[in-house]
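To be precise, the following lines are entry09.txt, and they hold compact mmCIF, N, CA and C atoms.
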# COMPACT_ATOMS: atom_id res chain seq x y z
N VAL A 23 63.41 100.29 87.33
CA VAL A 23 63.52 101.72 87.22
C VAL A 23 62.23 102.38 87.69
N LEU A 24 61.10 101.83 87.30
CA LEU A 24 59.82 102.43 87.67
C LEU A 24 59.58 102.37 89.17
N ALA A 25 60.12 101.34 89.82
CA ALA A 25 59.91 101.18 91.26
C ALA A 25 61.07 101.75 92.07
N GLY A 26 61.94 102.54 91.44
CA GLY A 26 63.03 103.18 92.16
C GLY A 26 64.33 102.41 92.15
N GLY A 27 64.44 101.35 91.37
CA GLY A 27 65.67 100.56 91.31
C GLY A 27 66.55 101.02 90.18
N PHE A 28 67.74 100.43 90.12
CA PHE A 28 68.68 100.73 89.05
C PHE A 28 68.47 99.71 87.95
N GLY A 29 67.92 100.13 86.82
CA GLY A 29 67.45 99.23 85.78
C GLY A 29 68.50 98.34 85.14
N GLY A 30 69.70 98.83 84.93
CA GLY A 30 70.71 98.05 84.22
C GLY A 30 71.41 97.01 85.06
N CYS A 31 71.26 97.08 86.36
CA CYS A 31 72.04 96.22 87.25
C CYS A 31 71.78 94.74 86.99
N GLY A 32 70.56 94.35 86.92
CA GLY A 32 70.25 92.94 86.73
C GLY A 32 70.18 92.51 85.28
N LEU A 33 70.16 93.45 84.37
CA LEU A 33 69.95 93.11 82.98
C LEU A 33 71.17 92.48 82.33
N VAL A 34 72.35 92.98 82.63
CA VAL A 34 73.56 92.47 82.00
C VAL A 34 73.82 91.01 82.39
N PRO A 35 73.89 90.70 83.69
CA PRO A 35 74.15 89.29 84.02
C PRO A 35 73.02 88.37 83.61
N GLN A 36 71.78 88.85 83.67
CA GLN A 36 70.66 88.02 83.26
C GLN A 36 70.75 87.71 81.77
N THR A 37 71.11 88.69 80.97
CA THR A 37 71.24 88.48 79.53
C THR A 37 72.37 87.50 79.24
N ILE A 38 73.49 87.65 79.92
CA ILE A 38 74.62 86.74 79.72
C ILE A 38 74.22 85.32 80.11
N LEU A 39 73.58 85.18 81.25
CA LEU A 39 73.12 83.86 81.70
C LEU A 39 72.15 83.27 80.69
N ASN A 40 71.24 84.08 80.19
CA ASN A 40 70.25 83.63 79.23
C ASN A 40 70.92 83.14 77.94
N LEU A 41 71.86 83.92 77.42
CA LEU A 41 72.52 83.55 76.17
C LEU A 41 73.42 82.33 76.35
N ASN A 42 74.13 82.27 77.47
CA ASN A 42 75.00 81.12 77.73
C ASN A 42 74.21 79.83 77.93
N SER A 43 72.95 79.97 78.32
CA SER A 43 72.10 78.79 78.53
C SER A 43 71.36 78.39 77.26
N GLY A 44 71.62 79.10 76.17
CA GLY A 44 71.01 78.75 74.90
C GLY A 44 69.72 79.48 74.61
N GLY A 45 69.36 80.45 75.44
CA GLY A 45 68.11 81.17 75.23
C GLY A 45 68.34 82.51 74.55
N GLY A 46 68.08 82.57 73.28
CA GLY A 46 68.23 83.83 72.57
C GLY A 46 67.03 84.14 71.69
N GLY A 47 66.03 83.31 71.78
CA GLY A 47 64.88 83.47 70.90
C GLY A 47 63.73 84.22 71.55
N GLN A 48 62.58 84.16 70.89
CA GLN A 48 61.41 84.89 71.36
C GLN A 48 60.84 84.31 72.64
N ILE A 49 60.90 83.00 72.81
CA ILE A 49 60.36 82.39 74.03
C ILE A 49 61.19 82.82 75.24
N ALA A 50 62.51 82.80 75.09
CA ALA A 50 63.38 83.21 76.20
C ALA A 50 63.16 84.68 76.55
N THR A 51 62.99 85.51 75.54
CA THR A 51 62.75 86.93 75.78
C THR A 51 61.42 87.14 76.48
N GLY A 52 60.40 86.45 76.04
CA GLY A 52 59.09 86.57 76.68
C GLY A 52 59.08 86.06 78.11
N ALA A 53 59.77 84.93 78.33
CA ALA A 53 59.86 84.39 79.70
C ALA A 53 60.60 85.35 80.62
N TYR A 54 61.65 85.97 80.10
CA TYR A 54 62.40 86.94 80.91
C TYR A 54 61.53 88.15 81.24
N ALA A 55 60.81 88.66 80.25
CA ALA A 55 59.94 89.81 80.49
C ALA A 55 58.85 89.47 81.51
N ALA A 56 58.26 88.31 81.37
CA ALA A 56 57.21 87.90 82.32
C ALA A 56 57.77 87.74 83.73
N SER A 57 58.96 87.16 83.84
CA SER A 57 59.54 87.00 85.18
C SER A 57 59.91 88.35 85.79
N MET A 58 60.36 89.31 84.99
CA MET A 58 60.67 90.64 85.53
C MET A 58 59.41 91.34 86.03
N VAL A 59 58.30 91.20 85.31
CA VAL A 59 57.04 91.77 85.77
C VAL A 59 56.60 91.09 87.07
N LEU A 60 56.74 89.77 87.13
CA LEU A 60 56.41 89.03 88.34
C LEU A 60 57.25 89.50 89.52
N PHE A 61 58.54 89.64 89.31
CA PHE A 61 59.42 90.12 90.39
C PHE A 61 59.05 91.52 90.84
N ALA A 62 58.79 92.40 89.88
CA ALA A 62 58.51 93.79 90.22
C ALA A 62 57.18 93.98 90.93
N LEU A 63 56.17 93.23 90.54
CA LEU A 63 54.84 93.46 91.08
C LEU A 63 54.43 92.53 92.22
N VAL A 64 54.91 91.29 92.19
CA VAL A 64 54.43 90.30 93.15
C VAL A 64 55.48 89.98 94.22
N ILE A 65 56.69 89.72 93.81
CA ILE A 65 57.71 89.23 94.74
C ILE A 65 58.51 90.36 95.39
N ALA A 66 58.30 91.60 94.96
CA ALA A 66 59.07 92.73 95.50
C ALA A 66 59.02 92.84 97.02
N PRO A 67 57.89 92.64 97.67
CA PRO A 67 57.90 92.72 99.14
C PRO A 67 58.79 91.67 99.79
N LEU A 68 58.84 90.48 99.22
CA LEU A 68 59.71 89.44 99.77
C LEU A 68 61.19 89.76 99.52
N VAL A 69 61.48 90.26 98.33
CA VAL A 69 62.86 90.62 98.00
C VAL A 69 63.31 91.78 98.89
N GLY A 70 62.40 92.66 99.25
CA GLY A 70 62.73 93.79 100.11
C GLY A 70 63.19 93.37 101.50
N GLN A 71 62.91 92.14 101.90
CA GLN A 71 63.33 91.67 103.21
C GLN A 71 64.76 91.12 103.22
N ILE A 72 65.37 90.96 102.05
CA ILE A 72 66.75 90.49 101.98
C ILE A 72 67.66 91.65 102.38
N SER A 73 68.64 91.35 103.21
CA SER A 73 69.52 92.41 103.72
C SER A 73 70.41 92.97 102.61
N ASN A 74 70.78 94.23 102.76
CA ASN A 74 71.63 94.89 101.77
C ASN A 74 72.99 94.22 101.62
N PRO A 75 73.65 93.79 102.70
CA PRO A 75 74.93 93.09 102.51
C PRO A 75 74.80 91.81 101.68
N ALA A 76 73.70 91.10 101.83
CA ALA A 76 73.49 89.89 101.03
C ALA A 76 73.33 90.23 99.55
N ILE A 77 72.56 91.27 99.29
CA ILE A 77 72.38 91.72 97.90
C ILE A 77 73.71 92.19 97.32
N ALA A 78 74.48 92.94 98.10
CA ALA A 78 75.79 93.42 97.63
C ALA A 78 76.71 92.25 97.33
N GLY A 79 76.71 91.22 98.17
CA GLY A 79 77.53 90.05 97.93
C GLY A 79 77.15 89.34 96.65
N ILE A 80 75.86 89.23 96.40
CA ILE A 80 75.39 88.60 95.16
C ILE A 80 75.84 89.43 93.96
N MET A 81 75.72 90.74 94.06
CA MET A 81 76.11 91.61 92.95
C MET A 81 77.61 91.51 92.66
N VAL A 82 78.42 91.44 93.71
CA VAL A 82 79.87 91.30 93.51
C VAL A 82 80.18 89.97 92.83
N GLN A 83 79.55 88.90 93.29
CA GLN A 83 79.79 87.59 92.70
C GLN A 83 79.37 87.56 91.23
N VAL A 84 78.22 88.14 90.93
CA VAL A 84 77.75 88.17 89.54
C VAL A 84 78.70 88.99 88.68
N SER A 85 79.20 90.11 89.21
CA SER A 85 80.13 90.93 88.42
C SER A 85 81.43 90.18 88.15
N LEU A 86 81.91 89.42 89.13
CA LEU A 86 83.13 88.64 88.92
C LEU A 86 82.92 87.53 87.90
N GLU A 87 81.71 86.98 87.86
CA GLU A 87 81.40 85.94 86.88
C GLU A 87 81.22 86.53 85.48
N THR A 88 80.84 87.81 85.40
CA THR A 88 80.55 88.45 84.13
C THR A 88 81.82 88.92 83.41
N ILE A 89 82.84 89.27 84.16
CA ILE A 89 84.08 89.80 83.57
C ILE A 89 84.75 88.72 82.73
N GLN A 90 85.22 89.11 81.57
CA GLN A 90 85.98 88.20 80.72
C GLN A 90 87.45 88.36 81.11
N TRP A 91 87.92 87.50 81.98
CA TRP A 91 89.27 87.65 82.54
C TRP A 91 90.36 87.36 81.52
N GLN A 92 90.19 86.35 80.69
CA GLN A 92 91.27 85.95 79.77
C GLN A 92 91.65 87.05 78.79
N PRO A 93 90.70 87.73 78.13
CA PRO A 93 91.11 88.82 77.25
C PRO A 93 91.82 89.95 78.00
N THR A 94 91.43 90.19 79.25
CA THR A 94 92.09 91.22 80.04
C THR A 94 93.53 90.82 80.32
N PHE A 95 93.74 89.58 80.73
CA PHE A 95 95.11 89.09 80.98
C PHE A 95 95.93 89.10 79.69
N ASP A 96 95.30 88.73 78.58
CA ASP A 96 96.01 88.72 77.29
C ASP A 96 96.46 90.13 76.90
N THR A 97 95.62 91.12 77.19
CA THR A 97 95.97 92.51 76.87
C THR A 97 97.17 92.96 77.69
N VAL A 98 97.15 92.69 78.99
CA VAL A 98 98.27 93.08 79.85
C VAL A 98 99.53 92.32 79.45
N LYS A 99 99.40 91.04 79.16
CA LYS A 99 100.55 90.23 78.73
C LYS A 99 101.12 90.77 77.42
N GLY A 100 100.25 91.18 76.52
CA GLY A 100 100.69 91.73 75.24
C GLY A 100 101.52 92.99 75.40
N VAL A 101 101.21 93.80 76.41
CA VAL A 101 102.01 95.01 76.66
C VAL A 101 103.43 94.62 77.06
N PHE A 102 103.55 93.63 77.94
CA PHE A 102 104.88 93.20 78.38
C PHE A 102 105.67 92.51 77.27
N GLU A 103 104.96 91.92 76.32
CA GLU A 103 105.63 91.25 75.20
C GLU A 103 105.80 92.17 74.01
N ASN A 104 105.47 93.46 74.16
CA ASN A 104 105.60 94.47 73.11
C ASN A 104 104.85 94.10 71.83
N LYS A 105 103.66 93.54 71.98
CA LYS A 105 102.84 93.22 70.81
C LYS A 105 102.25 94.50 70.24
N GLU A 106 102.05 94.49 68.94
CA GLU A 106 101.53 95.67 68.25
C GLU A 106 100.11 96.00 68.71
N GLY A 107 99.88 97.23 69.10
CA GLY A 107 98.57 97.71 69.50
C GLY A 107 98.17 97.36 70.92
N ALA A 108 99.02 96.65 71.65
CA ALA A 108 98.66 96.22 73.00
C ALA A 108 98.54 97.41 73.95
N ILE A 109 99.41 98.38 73.82
CA ILE A 109 99.36 99.55 74.71
C ILE A 109 98.07 100.33 74.47
N ILE A 110 97.65 100.43 73.22
CA ILE A 110 96.41 101.14 72.91
C ILE A 110 95.21 100.40 73.51
N ARG A 111 95.19 99.07 73.37
CA ARG A 111 94.10 98.28 73.96
C ARG A 111 94.08 98.41 75.48
N LEU A 112 95.26 98.41 76.09
CA LEU A 112 95.32 98.58 77.54
C LEU A 112 94.84 99.98 77.93
N GLY A 113 95.20 100.99 77.13
CA GLY A 113 94.72 102.34 77.39
C GLY A 113 93.20 102.44 77.34
N VAL A 114 92.61 101.80 76.34
CA VAL A 114 91.14 101.78 76.23
C VAL A 114 90.53 101.08 77.44
N LEU A 115 91.14 99.98 77.86
CA LEU A 115 90.65 99.25 79.03
C LEU A 115 90.72 100.10 80.29
N VAL A 116 91.84 100.80 80.49
CA VAL A 116 92.00 101.64 81.68
C VAL A 116 91.04 102.81 81.66
N ILE A 117 90.90 103.48 80.51
CA ILE A 117 89.98 104.61 80.40
C ILE A 117 88.55 104.16 80.68
N THR A 118 88.16 103.03 80.10
CA THR A 118 86.81 102.51 80.32
C THR A 118 86.57 102.20 81.79
N THR A 119 87.54 101.56 82.43
CA THR A 119 87.41 101.22 83.84
C THR A 119 87.28 102.46 84.70
N LEU A 120 88.13 103.46 84.46
CA LEU A 120 88.09 104.68 85.26
C LEU A 120 86.78 105.44 85.07
N LEU A 121 86.30 105.51 83.83
CA LEU A 121 85.03 106.20 83.59
C LEU A 121 83.87 105.46 84.25
N CYS A 122 83.88 104.13 84.20
CA CYS A 122 82.82 103.37 84.87
C CYS A 122 82.83 103.61 86.37
N TYR A 123 84.01 103.69 86.94
CA TYR A 123 84.13 103.83 88.39
C TYR A 123 83.85 105.26 88.86
N TYR A 124 84.43 106.24 88.17
CA TYR A 124 84.35 107.61 88.66
C TYR A 124 83.21 108.43 88.07
N VAL A 125 82.72 108.08 86.90
CA VAL A 125 81.68 108.89 86.27
C VAL A 125 80.35 108.14 86.31
N ASP A 126 80.21 107.17 85.42
CA ASP A 126 78.95 106.46 85.28
C ASP A 126 79.20 105.22 84.44
N PHE A 127 78.51 104.15 84.76
CA PHE A 127 78.69 102.90 84.03
C PHE A 127 78.37 103.07 82.55
N ALA A 128 77.26 103.72 82.24
CA ALA A 128 76.85 103.89 80.85
C ALA A 128 77.86 104.74 80.07
N VAL A 129 78.36 105.80 80.70
CA VAL A 129 79.35 106.66 80.04
C VAL A 129 80.63 105.87 79.78
N GLY A 130 81.07 105.09 80.77
CA GLY A 130 82.29 104.30 80.63
C GLY A 130 82.19 103.28 79.52
N ILE A 131 81.10 102.52 79.50
CA ILE A 131 80.94 101.48 78.49
C ILE A 131 80.81 102.09 77.10
N THR A 132 80.00 103.13 76.97
CA THR A 132 79.83 103.77 75.67
C THR A 132 81.15 104.33 75.16
N THR A 133 81.88 105.02 76.02
CA THR A 133 83.17 105.57 75.62
C THR A 133 84.14 104.46 75.25
N GLY A 134 84.16 103.38 76.03
CA GLY A 134 85.05 102.26 75.73
C GLY A 134 84.75 101.63 74.39
N VAL A 135 83.47 101.46 74.07
CA VAL A 135 83.09 100.87 72.78
C VAL A 135 83.51 101.79 71.63
N VAL A 136 83.26 103.09 71.78
CA VAL A 136 83.62 104.04 70.73
C VAL A 136 85.14 104.08 70.55
N LEU A 137 85.89 104.15 71.65
CA LEU A 137 87.35 104.16 71.55
C LEU A 137 87.87 102.89 70.89
N ASP A 138 87.28 101.75 71.24
CA ASP A 138 87.70 100.49 70.63
C ASP A 138 87.42 100.49 69.13
N LEU A 139 86.26 100.97 68.74
CA LEU A 139 85.95 101.04 67.31
C LEU A 139 86.88 101.99 66.57
N ILE A 140 87.22 103.11 67.20
CA ILE A 140 88.14 104.07 66.58
C ILE A 140 89.52 103.44 66.41
N THR A 141 90.02 102.79 67.47
CA THR A 141 91.36 102.21 67.39
C THR A 141 91.43 101.03 66.42
N GLN A 142 90.31 100.38 66.17
CA GLN A 142 90.29 99.30 65.19
C GLN A 142 90.07 99.83 63.77
N GLY A 143 89.82 101.12 63.65
CA GLY A 143 89.63 101.72 62.35
C GLY A 143 88.26 101.52 61.76
N LYS A 144 87.30 101.13 62.58
CA LYS A 144 85.95 100.89 62.06
C LYS A 144 85.14 102.17 61.96
N ILE A 145 85.53 103.20 62.73
CA ILE A 145 84.93 104.52 62.58
C ILE A 145 86.05 105.55 62.66
N GLY A 146 85.93 106.58 61.90
CA GLY A 146 86.90 107.66 61.94
C GLY A 146 88.16 107.43 61.13
N GLY A 147 88.39 106.23 60.63
CA GLY A 147 89.54 105.95 59.79
C GLY A 147 90.89 106.07 60.47
N MET A 148 90.95 105.82 61.81
CA MET A 148 92.21 105.98 62.51
C MET A 148 92.99 104.69 62.70
N GLY A 149 92.44 103.59 62.29
CA GLY A 149 93.12 102.31 62.52
C GLY A 149 94.25 102.07 61.53
N ARG A 150 94.75 100.86 61.53
CA ARG A 150 95.83 100.53 60.60
C ARG A 150 95.30 100.60 59.17
N PRO A 151 96.08 101.17 58.27
CA PRO A 151 95.64 101.19 56.86
C PRO A 151 95.66 99.78 56.29
N GLU A 152 94.65 99.51 55.50
CA GLU A 152 94.57 98.19 54.86
C GLU A 152 95.53 98.14 53.69
N ILE A 153 96.20 97.02 53.55
CA ILE A 153 97.12 96.82 52.42
C ILE A 153 96.35 96.10 51.33
N GLU A 154 96.39 96.68 50.16
CA GLU A 154 95.66 96.08 49.03
C GLU A 154 96.33 94.79 48.59
N LYS A 155 95.53 93.79 48.33
CA LYS A 155 96.06 92.52 47.82
C LYS A 155 96.09 92.57 46.30
N ILE A 156 97.19 92.12 45.76
CA ILE A 156 97.34 92.15 44.31
C ILE A 156 97.05 90.80 43.73
Reformat the file's structure so that it appears as structure tokens.
Amino acid sequence: VLAGGFGGCGLVPQTILNLNSGGGGQIATGAYAASMVLFALVIAPLVGQISNPAIAGIMVQVSLETIQWQPTFDTVKGVFENKEGAIIRLGVLVITTLLCYYVDFAVGITTGVVLDLITQGKIGGMGRPEIEKI
């Protein structure tokens, strides 16, 4: 961000890669921070020589690796099988996708998380009422 880049672009896949590789502690966080400083201050001129189509290809590949495909397929399948709440989950997914594409990634993700929490009844009390156990 300080050098004119888009700050969130590399953070999401890097965090996922870090967590999937077993790095969630202080050492992994420190190593990531140190490598980001190294990239920003030392290796930036070399990275600047990589062509934009190559960078775009890498970004597309990383985004495809980041998407959780199975829950998405399960949501769509649930709509066709008339499962309870599947249409609402699909609606949240579509709204989130459209907002990410047409407005802004941060707005889309934030709205999607809030809508998901509302539909699950975790905020606002709009979810399914809990049945008391006797």
Picked from chain A by DSSP as helix (DSSP H, G or I), as a VMD selection string: chain A and resid 33 to 42 48 to 69 74 to 88 91 to 102 108 to 124 127 to 141
Nearby residues (only C-alpha atoms) at most 12 Å from A:Pro93, same-chain spacing under 5 positions excluded, as a PyMOL selection string: chain A and resi 98-100+108+111-112+115
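Once A:Tyr54 and its same-chain neighbours fewer than 3 positions away are set aside, Gly32, Leu33, Gln36, Thr37, Leu39, Asn40, Leu41, Gly45, Gly46, Gly47, Gln48, Ile49, Ala50, Thr51, Ser57, Met58, Val59, Leu60 and Phe61 of chain A remain within 12 Å of it when counting only C-alpha atoms.
In this structure, atom N of A:Ile131 sits 5.9 Å away from atom C of A:Thr118.
The closest residue to A:Ile110, picked from A:Ser43, A:Thr132, A:Thr141, A:Ile72 and counting only N, CA and C atoms, is A:Thr141.
The space between atom C of A:Ile109 and atom CA of A:Thr97 spans 8.4 Å.
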Length of the atom C of A:Ala76 to atom C of A:Leu120 vector [Å]: 24.9 Å
Compile the contact shell of A:Gly130 as a tab-separated table (two decimals) with N, CA and C atoms, in the frame of the given file: residues with an atom at most 7 Å away, counting all atoms listed in the file, same-chain residues fewer than 2 positions apart removed.
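Wrote out14.tsv, looks like this:
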chain	number	residue	atom	x	y	z
A	117	ILE	N	90.90	103.48	80.51
A	117	ILE	CA	89.98	104.61	80.40
A	117	ILE	C	88.55	104.16	80.68
A	118	THR	N	88.16	103.03	80.10
A	118	THR	CA	86.81	102.51	80.32
A	118	THR	C	86.57	102.20	81.79
A	119	THR	N	87.54	101.56	82.43
A	119	THR	CA	87.41	101.22	83.84
A	119	THR	C	87.28	102.46	84.70
A	120	LEU	N	88.13	103.46	84.46
A	120	LEU	CA	88.09	104.68	85.26
A	120	LEU	C	86.78	105.44	85.07
A	121	LEU	N	86.30	105.51	83.83
A	121	LEU	CA	85.03	106.20	83.59
A	121	LEU	C	83.87	105.46	84.25
A	122	CYS	N	83.88	104.13	84.20
A	122	CYS	CA	82.82	103.37	84.87
A	122	CYS	C	82.83	103.61	86.37
A	123	TYR	N	84.01	103.69	86.94
A	123	TYR	CA	84.13	103.83	88.39
A	123	TYR	C	83.85	105.26	88.86
A	125	VAL	N	82.72	108.08	86.90
A	125	VAL	CA	81.68	108.89	86.27
A	125	VAL	C	80.35	108.14	86.31
A	126	ASP	N	80.21	107.17	85.42
A	126	ASP	CA	78.95	106.46	85.28
A	126	ASP	C	79.20	105.22	84.44
A	127	PHE	N	78.51	104.15	84.76
A	127	PHE	CA	78.69	102.90	84.03
A	127	PHE	C	78.37	103.07	82.55
A	128	ALA	N	77.26	103.72	82.24
A	128	ALA	CA	76.85	103.89	80.85
A	128	ALA	C	77.86	104.74	80.07
A	132	THR	N	80.00	103.13	76.97
A	132	THR	CA	79.83	103.77	75.67
A	132	THR	C	81.15	104.33	75.16
A	133	THR	N	81.88	105.02	76.02
A	133	THR	CA	83.17	105.57	75.62
A	133	THR	C	84.14	104.46	75.25
A	134	GLY	N	84.16	103.38	76.03
A	134	GLY	CA	85.05	102.26	75.73
A	134	GLY	C	84.75	101.63	74.39
A	135	VAL	N	83.47	101.46	74.07
A	135	VAL	CA	83.09	100.87	72.78
A	135	VAL	C	83.51	101.79	71.63
